[in-house]
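Enquirer: After the structure tokens below, expect a handful of questions from me.
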Amino acid sequence: MSKRNRLYIFLLALAAAAVAALIICLNLMAPKYTIEALTGKTESEIDSWAESINLPSSRLLYTYIYSDTAEEGTAISQSVNAGGTLARNQVLTVTMSLGPNVDTSVSIPDFTGQTLSYIQAWAEENGLTNITYSRETNDDLEEGTFISISPAAGSSVQPGEAVTVTTSHTDLITVPSFSGMTRENIDSWCSENNVYARYYYEWSGTVYSGYFIRSDVSEGDKIRPESTVTFVLAS
């Protein structure tokens, strides 16, 4: 190898070493930014913090998303964890909350007079996933009739927001129509509903033998469990 070529290679190696040394020097001299916890802070609070540590605005980026849990205008997450150091030329990304997406909110209607099954169907149709059902004793209402809802009717809720529905519960039994029933049919109903039966027989020119004629309760009446009902059957 000629002397001239050896000199050329030496100069190239020297230049490469100088560049490497310069890079190392720049990295050592570059300011180090220690990141603090930003979750829950507002954009102005984060800007003030960035200014206090001389973090250039070009190295701080905000992104925005809807959130059902984080208050509107507060930070949800950050790309560098609290206590970490922002690398040279790295950008700190902070995700901010836009609050709930109002386009997905559900308005609670007035359920007065509606049944539990109706409300459950409405909740499923509107995608409510955090709904709790409770029962309250009320002998003036049919079993499973709406009593109250929280939040109240007219309120807007998000699909994942907690909603509580209270419906009625009663021990009273609604008397059905016994027309066309035999003693066997009546006994079956009484057994299912914990009701006692007393039977009398009388002749009838219009009702077949063994079939119901009348009782001391009427269709639609409310009676309590363990009540005794008197039935008259055709002899």
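To be explicit about the labels: the chains of the structure tokens are called A, B, and onward in the order shown, and within each one the residues are counted from 1, while ligands get numbers from 1 in the order they are shown.
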DSSP on the backbone, strand (DSSP E) only: what residues of range 2-232 of chain A does that give? Format it as a PyMOL selection string.
Expert: chain A and resi 33-34+60-65+75-78+85-86+92-97+106-107+131-137+146-150+156-157+163-169+173-174+196-202+212-215+222-223+228-232
Enquirer: For the contact check between range 184-235 of chain A and range 159-180 of chain A, emit one row per residue of range 184-235 of chain A within 8 Å, containing the shortest atom pair and the distance in Å rounded to one decimal, counting only C-alpha atoms, chain then rising number order, as JSON lines.
Expert:
{"residue": "A:Ile186", "atom": "CA", "partner": "A:Phe178", "partner_atom": "CA", "distance": 7.3}
{"residue": "A:Asn193", "atom": "CA", "partner": "A:Ile173", "partner_atom": "CA", "distance": 7.4}
{"residue": "A:Tyr211", "atom": "CA", "partner": "A:Gly180", "partner_atom": "CA", "distance": 6.3}
{"residue": "A:Phe212", "atom": "CA", "partner": "A:Ser179", "partner_atom": "CA", "distance": 6.1}
{"residue": "A:Ile213", "atom": "CA", "partner": "A:Ser179", "partner_atom": "CA", "distance": 7.3}
{"residue": "A:Val217", "atom": "CA", "partner": "A:Val175", "partner_atom": "CA", "distance": 7.4}
{"residue": "A:Ser218", "atom": "CA", "partner": "A:Val175", "partner_atom": "CA", "distance": 6.8}
{"residue": "A:Glu219", "atom": "CA", "partner": "A:Pro176", "partner_atom": "CA", "distance": 5.0}
{"residue": "A:Gly220", "atom": "CA", "partner": "A:Val175", "partner_atom": "CA", "distance": 5.1}
{"residue": "A:Asp221", "atom": "CA", "partner": "A:Val175", "partner_atom": "CA", "distance": 5.3}
{"residue": "A:Lys222", "atom": "CA", "partner": "A:Thr174", "partner_atom": "CA", "distance": 4.8}
{"residue": "A:Ile223", "atom": "CA", "partner": "A:Ile173", "partner_atom": "CA", "distance": 5.2}
{"residue": "A:Arg224", "atom": "CA", "partner": "A:Leu172", "partner_atom": "CA", "distance": 4.8}
{"residue": "A:Pro225", "atom": "CA", "partner": "A:Leu172", "partner_atom": "CA", "distance": 6.9}
Enquirer: Would you list the contacts of range 197-204 of chain A as number ranges by chain, taking every protein, DNA or RNA residue within 6 Å and counting only C-alpha atoms, but skipping same-chain residues closer than 6 positions in sequence?
Expert: A: 228-235
Enquirer: Taking 3 positions as the minimum chain separation for residues in the same chain, which residues sit within 7 Å of Thr93 in chain A when counting only C-alpha atoms? Answer as a PDB file with N, CA and C atoms, in the first residue's frame.
Expert:
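What follows is the written file out.pdb:
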ATOM      1  N   LEU A  60     -43.245  18.372  23.398  1.00  0.00           N
ATOM      2  CA  LEU A  60     -44.440  18.053  24.187  1.00  0.00           C
ATOM      3  C   LEU A  60     -45.632  18.004  23.240  1.00  0.00           C
ATOM      4  N   LEU A  61     -46.276  16.841  23.157  1.00  0.00           N
ATOM      5  CA  LEU A  61     -47.385  16.650  22.225  1.00  0.00           C
ATOM      6  C   LEU A  61     -48.633  16.214  22.993  1.00  0.00           C
ATOM      7  N   TYR A  62     -49.768  16.833  22.687  1.00  0.00           N
ATOM      8  CA  TYR A  62     -51.039  16.462  23.292  1.00  0.00           C
ATOM      9  C   TYR A  62     -51.894  15.690  22.284  1.00  0.00           C
ATOM     10  N   GLN A  78     -49.436   9.191  29.878  1.00  0.00           N
ATOM     11  CA  GLN A  78     -48.247   9.851  29.342  1.00  0.00           C
ATOM     12  C   GLN A  78     -47.310   8.808  28.769  1.00  0.00           C
ATOM     13  N   SER A  79     -46.568   9.186  27.741  1.00  0.00           N
ATOM     14  CA  SER A  79     -45.725   8.214  27.035  1.00  0.00           C
ATOM     15  C   SER A  79     -44.463   7.859  27.802  1.00  0.00           C
TER      16      SER A  79
END
Enquirer: Pick out the closest residue to Tyr33 in chain A from this set: A:Tyr118, A:Phe111, A:Tyr196, A:Trp49. Count only C-alpha atoms.
Expert: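 Under the stated criterion, the closest residue is A:Trp49.
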Enquirer: Can you tell me how far CA of Arg59 in chain A sits from CA of Thr34 in chain A, in Å to one decimal?
Expert: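 Here the two named atoms are 13.1 Å from each other.
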